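To start, the structure under review is shown below, and the notes come after it.
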Amino acid sequence: MIFRTRFAPSPTGPLHLGHAYSAILAHDMARAAGGEFLLRMEDTDLQRAKPKWDAQVIDDLTWLGLTWDGPVLRQSQQLTSYNKHLDVFENMDLLYPCSCSRADIRAAISAPQEGVSHDVYPGTCKDRTITDRKPGDALRLHLDRALSRLAHQDVCFEETGPAAKAVHHLNPERALADIGDVVLSRKGEDIIAYFLASALDDVAQGITHVVRGEDLFDFTMIQVLLLRLLDLPQPIYHHHTLIRDDAGKRLAKRDDARALAKFRAEGASPQDIRRMIGLL
Ligand code: GLU
C-alpha cells in the first residue's frame, strides 16, 4: 500500500511557522516513504475562507519548495458528496434536527481552537424526529443510536504520533460523556461540520496516513466512528507536536508576527524556515 498523506489548511489567514511545520513534516514523510503528498483546502467556512488566502497558501508552499501530487481538492466543491453522506446517516435514523442557539452550533462546527473546550450537547432537541426539521435547523448525530449500531465492532484507530502512540479503542460511556450528540450539518446553508468533511475527504483522496497537529487529536475518535458507520476505510493517524510561541501558546492565524509572508519579506530562505522549526 502506498503511503499517502496530505496538508489540509483552512484558507482563512496567512500560514505561519506552525503550518510550515505541519506541511513540511507531512511532505517529507511522504517523500521518504516513496509515497504521495496531497493538498486540500478546507474552505467550508464561507464567511472566513477567502480566495486571497487560498492563493497565498499555494504561494507559500511553493516557495518552501514543497510539491504536491494531483490537483488541489477544495471542500467548497465537495458539498454534494457531503450531503449524500448525510442522507446515508438520515436513512440509518441517526440524525435529529436541532434549533438550539446559533452561537452554540457555530461553536460546535467551526475548526477547533486549543483551550476552547468542546461543549457536550445537553440533548434538548433529542426527541425530535427528522420529519419535523425546519429550515435552518442543525442536524445532530444521535450518538446512543450510533453506538448501538457499532456495538459489535471494536472501534479503534492506530496513532503513531509521539504523544499518544498506541491503538486507541472507543469507550462508549466515555464517548457519551465527552463527545455527545455532535452537529454534523446545517443543511439548508450547506454548512458541514469540519470533522465530518475532513474525514470524508481523507477517504475521497485515498489518504493512508493523516499527519496533523496534536490539537486535533480529540476529534479523531468521532471521525473514526463516523467512517465506521458509513463503512468507509480509515487512515492511520500521526499527530505531531505543535510549534509554540515564546510564551508556550500555540500559534494562531492572527499571530501575523510569525506569518511566513513576514519572514519572506524580511529575506529569510526556505532553509532558514526549516532551521527555525527543526526540520532541516
Ligand atoms: N483544516 C484544519 C486546520 O487548518 C486541519 C484539518 C486536518 O488536518 O485534519 O486546522
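By order in the C-alpha cells, chains are A, B, ...; within a chain, residues start at 1; ligands start at 1, following the order shown.
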Kindly provide, as JSON, numbers by chain, all nucleotide and amino acid residues lying within 7 Å of ligand 1, counting only C-alpha atoms and all ligand atoms. {"A": [7, 8, 9, 10, 42, 111, 198, 211, 212, 216]}
Selection near Gly18 of chain A, 12 Å with only C-alpha atoms, sequence-local residues under 6 positions removed, as a PDB file with N, CA, C and O atoms, in the first residue's frame:
```pdb
ATOM      1  N   PRO A   9      -4.961  22.863   5.080  1.00  0.00           N
ATOM      2  CA  PRO A   9      -5.176  24.135   5.769  1.00  0.00           C
ATOM      3  C   PRO A   9      -6.550  24.737   5.462  1.00  0.00           C
ATOM      4  O   PRO A   9      -7.157  24.423   4.444  1.00  0.00           O
ATOM      5  N   ILE A  24       5.599  20.658   5.997  1.00  0.00           N
ATOM      6  CA  ILE A  24       6.913  20.096   5.649  1.00  0.00           C
ATOM      7  C   ILE A  24       7.049  18.678   6.219  1.00  0.00           C
ATOM      8  O   ILE A  24       7.531  17.767   5.553  1.00  0.00           O
ATOM      9  N   LEU A  25       6.586  18.491   7.465  1.00  0.00           N
ATOM     10  CA  LEU A  25       6.680  17.159   8.075  1.00  0.00           C
ATOM     11  C   LEU A  25       5.917  16.127   7.237  1.00  0.00           C
ATOM     12  O   LEU A  25       6.442  15.061   6.903  1.00  0.00           O
ATOM     13  N   ARG A 212      -1.019  15.560  11.209  1.00  0.00           N
ATOM     14  CA  ARG A 212      -1.567  16.868  11.568  1.00  0.00           C
ATOM     15  C   ARG A 212      -1.232  17.173  13.025  1.00  0.00           C
ATOM     16  O   ARG A 212      -0.710  16.316  13.742  1.00  0.00           O
ATOM     17  N   GLY A 213      -1.549  18.381  13.452  1.00  0.00           N
ATOM     18  CA  GLY A 213      -1.177  18.833  14.788  1.00  0.00           C
ATOM     19  C   GLY A 213      -1.931  18.109  15.892  1.00  0.00           C
ATOM     20  O   GLY A 213      -3.065  17.666  15.705  1.00  0.00           O
ATOM     21  N   GLU A 214      -1.297  18.019  17.062  1.00  0.00           N
ATOM     22  CA  GLU A 214      -1.925  17.270  18.157  1.00  0.00           C
ATOM     23  C   GLU A 214      -3.134  17.991  18.748  1.00  0.00           C
ATOM     24  O   GLU A 214      -3.894  17.412  19.509  1.00  0.00           O
ATOM     25  N   ASP A 215      -3.363  19.249  18.359  1.00  0.00           N
ATOM     26  CA  ASP A 215      -4.582  19.932  18.791  1.00  0.00           C
ATOM     27  C   ASP A 215      -5.824  19.273  18.185  1.00  0.00           C
ATOM     28  O   ASP A 215      -6.942  19.519  18.648  1.00  0.00           O
ATOM     29  N   HIS A 240       1.346  15.420  15.379  1.00  0.00           N
ATOM     30  CA  HIS A 240       2.670  15.917  15.745  1.00  0.00           C
ATOM     31  C   HIS A 240       2.580  17.000  16.816  1.00  0.00           C
ATOM     32  O   HIS A 240       1.515  17.605  17.020  1.00  0.00           O
ATOM     33  N   THR A 241       3.696  17.240  17.485  1.00  0.00           N
ATOM     34  CA  THR A 241       3.729  18.304  18.494  1.00  0.00           C
ATOM     35  C   THR A 241       3.584  19.656  17.790  1.00  0.00           C
ATOM     36  O   THR A 241       3.841  19.778  16.590  1.00  0.00           O
ATOM     37  N   LEU A 242       3.190  20.657  18.546  1.00  0.00           N
ATOM     38  CA  LEU A 242       2.900  21.968  17.952  1.00  0.00           C
ATOM     39  C   LEU A 242       4.075  22.913  18.124  1.00  0.00           C
ATOM     40  O   LEU A 242       4.810  22.826  19.110  1.00  0.00           O
ATOM     41  N   ILE A 243       4.216  23.789  17.145  1.00  0.00           N
ATOM     42  CA  ILE A 243       5.195  24.869  17.275  1.00  0.00           C
ATOM     43  C   ILE A 243       4.533  25.946  18.134  1.00  0.00           C
ATOM     44  O   ILE A 243       3.407  26.368  17.837  1.00  0.00           O
ATOM     45  N   ARG A 244       5.216  26.369  19.173  1.00  0.00           N
ATOM     46  CA  ARG A 244       4.607  27.330  20.090  1.00  0.00           C
ATOM     47  C   ARG A 244       5.374  28.639  20.087  1.00  0.00           C
ATOM     48  O   ARG A 244       6.535  28.679  19.675  1.00  0.00           O
ATOM     49  N   ASP A 245       4.713  29.694  20.547  1.00  0.00           N
ATOM     50  CA  ASP A 245       5.422  30.974  20.636  1.00  0.00           C
ATOM     51  C   ASP A 245       6.258  30.980  21.915  1.00  0.00           C
ATOM     52  O   ASP A 245       6.278  30.006  22.678  1.00  0.00           O
ATOM     53  N   LYS A 249       2.341  29.352  23.852  1.00  0.00           N
ATOM     54  CA  LYS A 249       0.994  29.270  23.278  1.00  0.00           C
ATOM     55  C   LYS A 249       1.071  28.772  21.843  1.00  0.00           C
ATOM     56  O   LYS A 249       1.982  29.123  21.096  1.00  0.00           O
ATOM     57  N   ARG A 250       0.078  27.991  21.440  1.00  0.00           N
ATOM     58  CA  ARG A 250       0.012  27.529  20.053  1.00  0.00           C
ATOM     59  C   ARG A 250      -0.103  28.738  19.132  1.00  0.00           C
ATOM     60  O   ARG A 250      -0.825  29.686  19.438  1.00  0.00           O
ATOM     61  N   LEU A 251       0.563  28.700  17.994  1.00  0.00           N
ATOM     62  CA  LEU A 251       0.458  29.825  17.054  1.00  0.00           C
ATOM     63  C   LEU A 251      -0.922  29.809  16.403  1.00  0.00           C
ATOM     64  O   LEU A 251      -1.445  28.759  16.085  1.00  0.00           O
ATOM     65  N   ALA A 252      -1.487  30.970  16.194  1.00  0.00           N
ATOM     66  CA  ALA A 252      -2.780  31.053  15.526  1.00  0.00           C
ATOM     67  C   ALA A 252      -2.638  31.981  14.334  1.00  0.00           C
ATOM     68  O   ALA A 252      -1.665  32.713  14.217  1.00  0.00           O
ATOM     69  N   LYS A 253      -3.667  31.932  13.470  1.00  0.00           N
ATOM     70  CA  LYS A 253      -3.585  32.735  12.243  1.00  0.00           C
ATOM     71  C   LYS A 253      -3.415  34.215  12.542  1.00  0.00           C
ATOM     72  O   LYS A 253      -2.832  34.962  11.785  1.00  0.00           O
ATOM     73  N   ASP A 255      -1.607  35.494  14.693  1.00  0.00           N
ATOM     74  CA  ASP A 255      -0.236  35.845  15.066  1.00  0.00           C
ATOM     75  C   ASP A 255       0.566  36.187  13.814  1.00  0.00           C
ATOM     76  O   ASP A 255       1.456  35.447  13.406  1.00  0.00           O
ATOM     77  N   ASP A 256       0.239  37.317  13.217  1.00  0.00           N
ATOM     78  CA  ASP A 256       0.882  37.674  11.957  1.00  0.00           C
ATOM     79  C   ASP A 256       2.389  37.784  12.094  1.00  0.00           C
ATOM     80  O   ASP A 256       3.125  37.665  11.125  1.00  0.00           O
ATOM     81  N   ARG A 258       4.370  35.769  13.114  1.00  0.00           N
ATOM     82  CA  ARG A 258       5.063  34.558  12.688  1.00  0.00           C
ATOM     83  C   ARG A 258       4.591  34.068  11.326  1.00  0.00           C
ATOM     84  O   ARG A 258       4.818  32.933  10.948  1.00  0.00           O
ATOM     85  N   ALA A 259       3.934  34.945  10.605  1.00  0.00           N
ATOM     86  CA  ALA A 259       3.470  34.565   9.264  1.00  0.00           C
ATOM     87  C   ALA A 259       4.674  34.333   8.355  1.00  0.00           C
ATOM     88  O   ALA A 259       5.665  35.064   8.409  1.00  0.00           O
ATOM     89  N   LEU A 260       4.565  33.302   7.534  1.00  0.00           N
ATOM     90  CA  LEU A 260       5.658  33.017   6.592  1.00  0.00           C
ATOM     91  C   LEU A 260       5.919  34.220   5.692  1.00  0.00           C
ATOM     92  O   LEU A 260       7.068  34.533   5.379  1.00  0.00           O
ATOM     93  N   ILE A 273      13.664  28.759   7.328  1.00  0.00           N
ATOM     94  CA  ILE A 273      12.391  28.342   7.944  1.00  0.00           C
ATOM     95  C   ILE A 273      12.537  26.923   8.495  1.00  0.00           C
ATOM     96  O   ILE A 273      12.171  26.644   9.637  1.00  0.00           O
ATOM     97  N   ARG A 274      13.106  26.039   7.687  1.00  0.00           N
ATOM     98  CA  ARG A 274      13.308  24.648   8.156  1.00  0.00           C
ATOM     99  C   ARG A 274      14.166  24.638   9.422  1.00  0.00           C
ATOM    100  O   ARG A 274      13.906  23.864  10.353  1.00  0.00           O
ATOM    101  N   MET A 276      14.449  27.050  11.652  1.00  0.00           N
ATOM    102  CA  MET A 276      13.673  27.603  12.788  1.00  0.00           C
ATOM    103  C   MET A 276      12.739  26.580  13.416  1.00  0.00           C
ATOM    104  O   MET A 276      12.472  26.621  14.611  1.00  0.00           O
ATOM    105  N   ILE A 277      12.209  25.677  12.599  1.00  0.00           N
ATOM    106  CA  ILE A 277      11.238  24.714  13.128  1.00  0.00           C
ATOM    107  C   ILE A 277      11.847  23.318  13.346  1.00  0.00           C
ATOM    108  O   ILE A 277      11.142  22.371  13.648  1.00  0.00           O
ATOM    109  N   GLY A 278      13.162  23.257  13.183  1.00  0.00           N
ATOM    110  CA  GLY A 278      13.853  21.997  13.491  1.00  0.00           C
ATOM    111  C   GLY A 278      13.623  20.889  12.480  1.00  0.00           C
ATOM    112  O   GLY A 278      13.615  19.716  12.845  1.00  0.00           O
ATOM    113  N   LEU A 279      13.418  21.256  11.219  1.00  0.00           N
ATOM    114  CA  LEU A 279      13.192  20.215  10.200  1.00  0.00           C
ATOM    115  C   LEU A 279      14.201  20.305   9.060  1.00  0.00           C
ATOM    116  O   LEU A 279      13.864  20.109   7.903  1.00  0.00           O
TER     117      LEU A 279
END
```
Counting only C-alpha atoms, the residue among A:Asn171, A:Gln47, A:Thr62, A:Gln271 that lies closest to Ile222 of chain A is A:Asn171
request  = Determine which residues of segment 36-123 of chain A DSSP labels as strand (DSSP E or B) from the backbone of this structure, then write them out as a ChimeraX atom specification.
outcome  = /A:36-41,73-74,95-98
Could you please take those selected residues and save N, CA and C atoms as a compact mmCIF listing (two decimals), in the first residue's frame?
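New file selection.txt:
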```
# COMPACT_ATOMS: atom_id res chain seq x y z
N GLU A 36 2.97 9.66 -1.52
CA GLU A 36 2.39 10.87 -2.12
C GLU A 36 1.96 11.87 -1.06
N PHE A 37 2.02 13.14 -1.46
CA PHE A 37 1.63 14.25 -0.59
C PHE A 37 0.57 15.05 -1.35
N LEU A 38 -0.60 15.19 -0.73
CA LEU A 38 -1.71 15.88 -1.40
C LEU A 38 -2.04 17.18 -0.66
N LEU A 39 -2.69 18.08 -1.38
CA LEU A 39 -3.09 19.35 -0.77
C LEU A 39 -4.61 19.50 -0.84
N ARG A 40 -5.17 19.91 0.30
CA ARG A 40 -6.63 20.12 0.35
C ARG A 40 -6.91 21.44 1.04
N MET A 41 -7.74 22.24 0.45
CA MET A 41 -8.16 23.50 1.08
C MET A 41 -9.47 23.25 1.82
N LEU A 73 -7.64 19.72 -3.83
CA LEU A 73 -9.06 19.48 -3.58
C LEU A 73 -9.60 20.63 -2.72
N ARG A 74 -10.68 21.23 -3.15
CA ARG A 74 -11.30 22.31 -2.35
C ARG A 74 -12.63 21.81 -1.80
N LEU A 95 -29.97 10.84 12.67
CA LEU A 95 -29.92 12.30 12.76
C LEU A 95 -31.20 12.84 13.38
N TYR A 96 -31.07 13.93 14.10
CA TYR A 96 -32.28 14.65 14.52
C TYR A 96 -32.04 16.15 14.38
N PRO A 97 -33.13 16.91 14.11
CA PRO A 97 -32.97 18.35 13.91
C PRO A 97 -32.84 19.07 15.24
N CYS A 98 -32.14 20.16 15.23
CA CYS A 98 -31.89 20.88 16.47
C CYS A 98 -31.98 22.38 16.19
```
Next item on the list: Tell me which protein, DNA and RNA residues are within 8 Å of Pro233 of chain A, counting only C-alpha atoms, leaving out same-chain ones fewer than 3 positions away, and put them as a list in words.
Entry: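 In the requested form, the answer reads Val203, Leu227 and Arg228 of chain A.
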**Message:** Could you go through segment 4-186 of chain A and tell me which residues DSSP, when run on the backbone, assigns to helix (DSSP H, G or I), listing them as a PyMOL selection string?
**Reply:** chain A and resi 17-32+51-64+75-77+79-91+102-109+130-132+143-149+172-178
Proximity to Ala164 of chain A - best of A:Thr131, A:His142, A:Ser101, A:His238, only C-alpha atoms:
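Ranked by minimum distance to Ala164 of chain A, first place goes to A:His238.
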Q) Between A:Ser81, A:Thr220, A:Gln56, A:Ser99, which is the closest to His169 of chain A once you count only C-alpha atoms? A)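 The answer is A:Thr220, which sits nearest to His169 of chain A.
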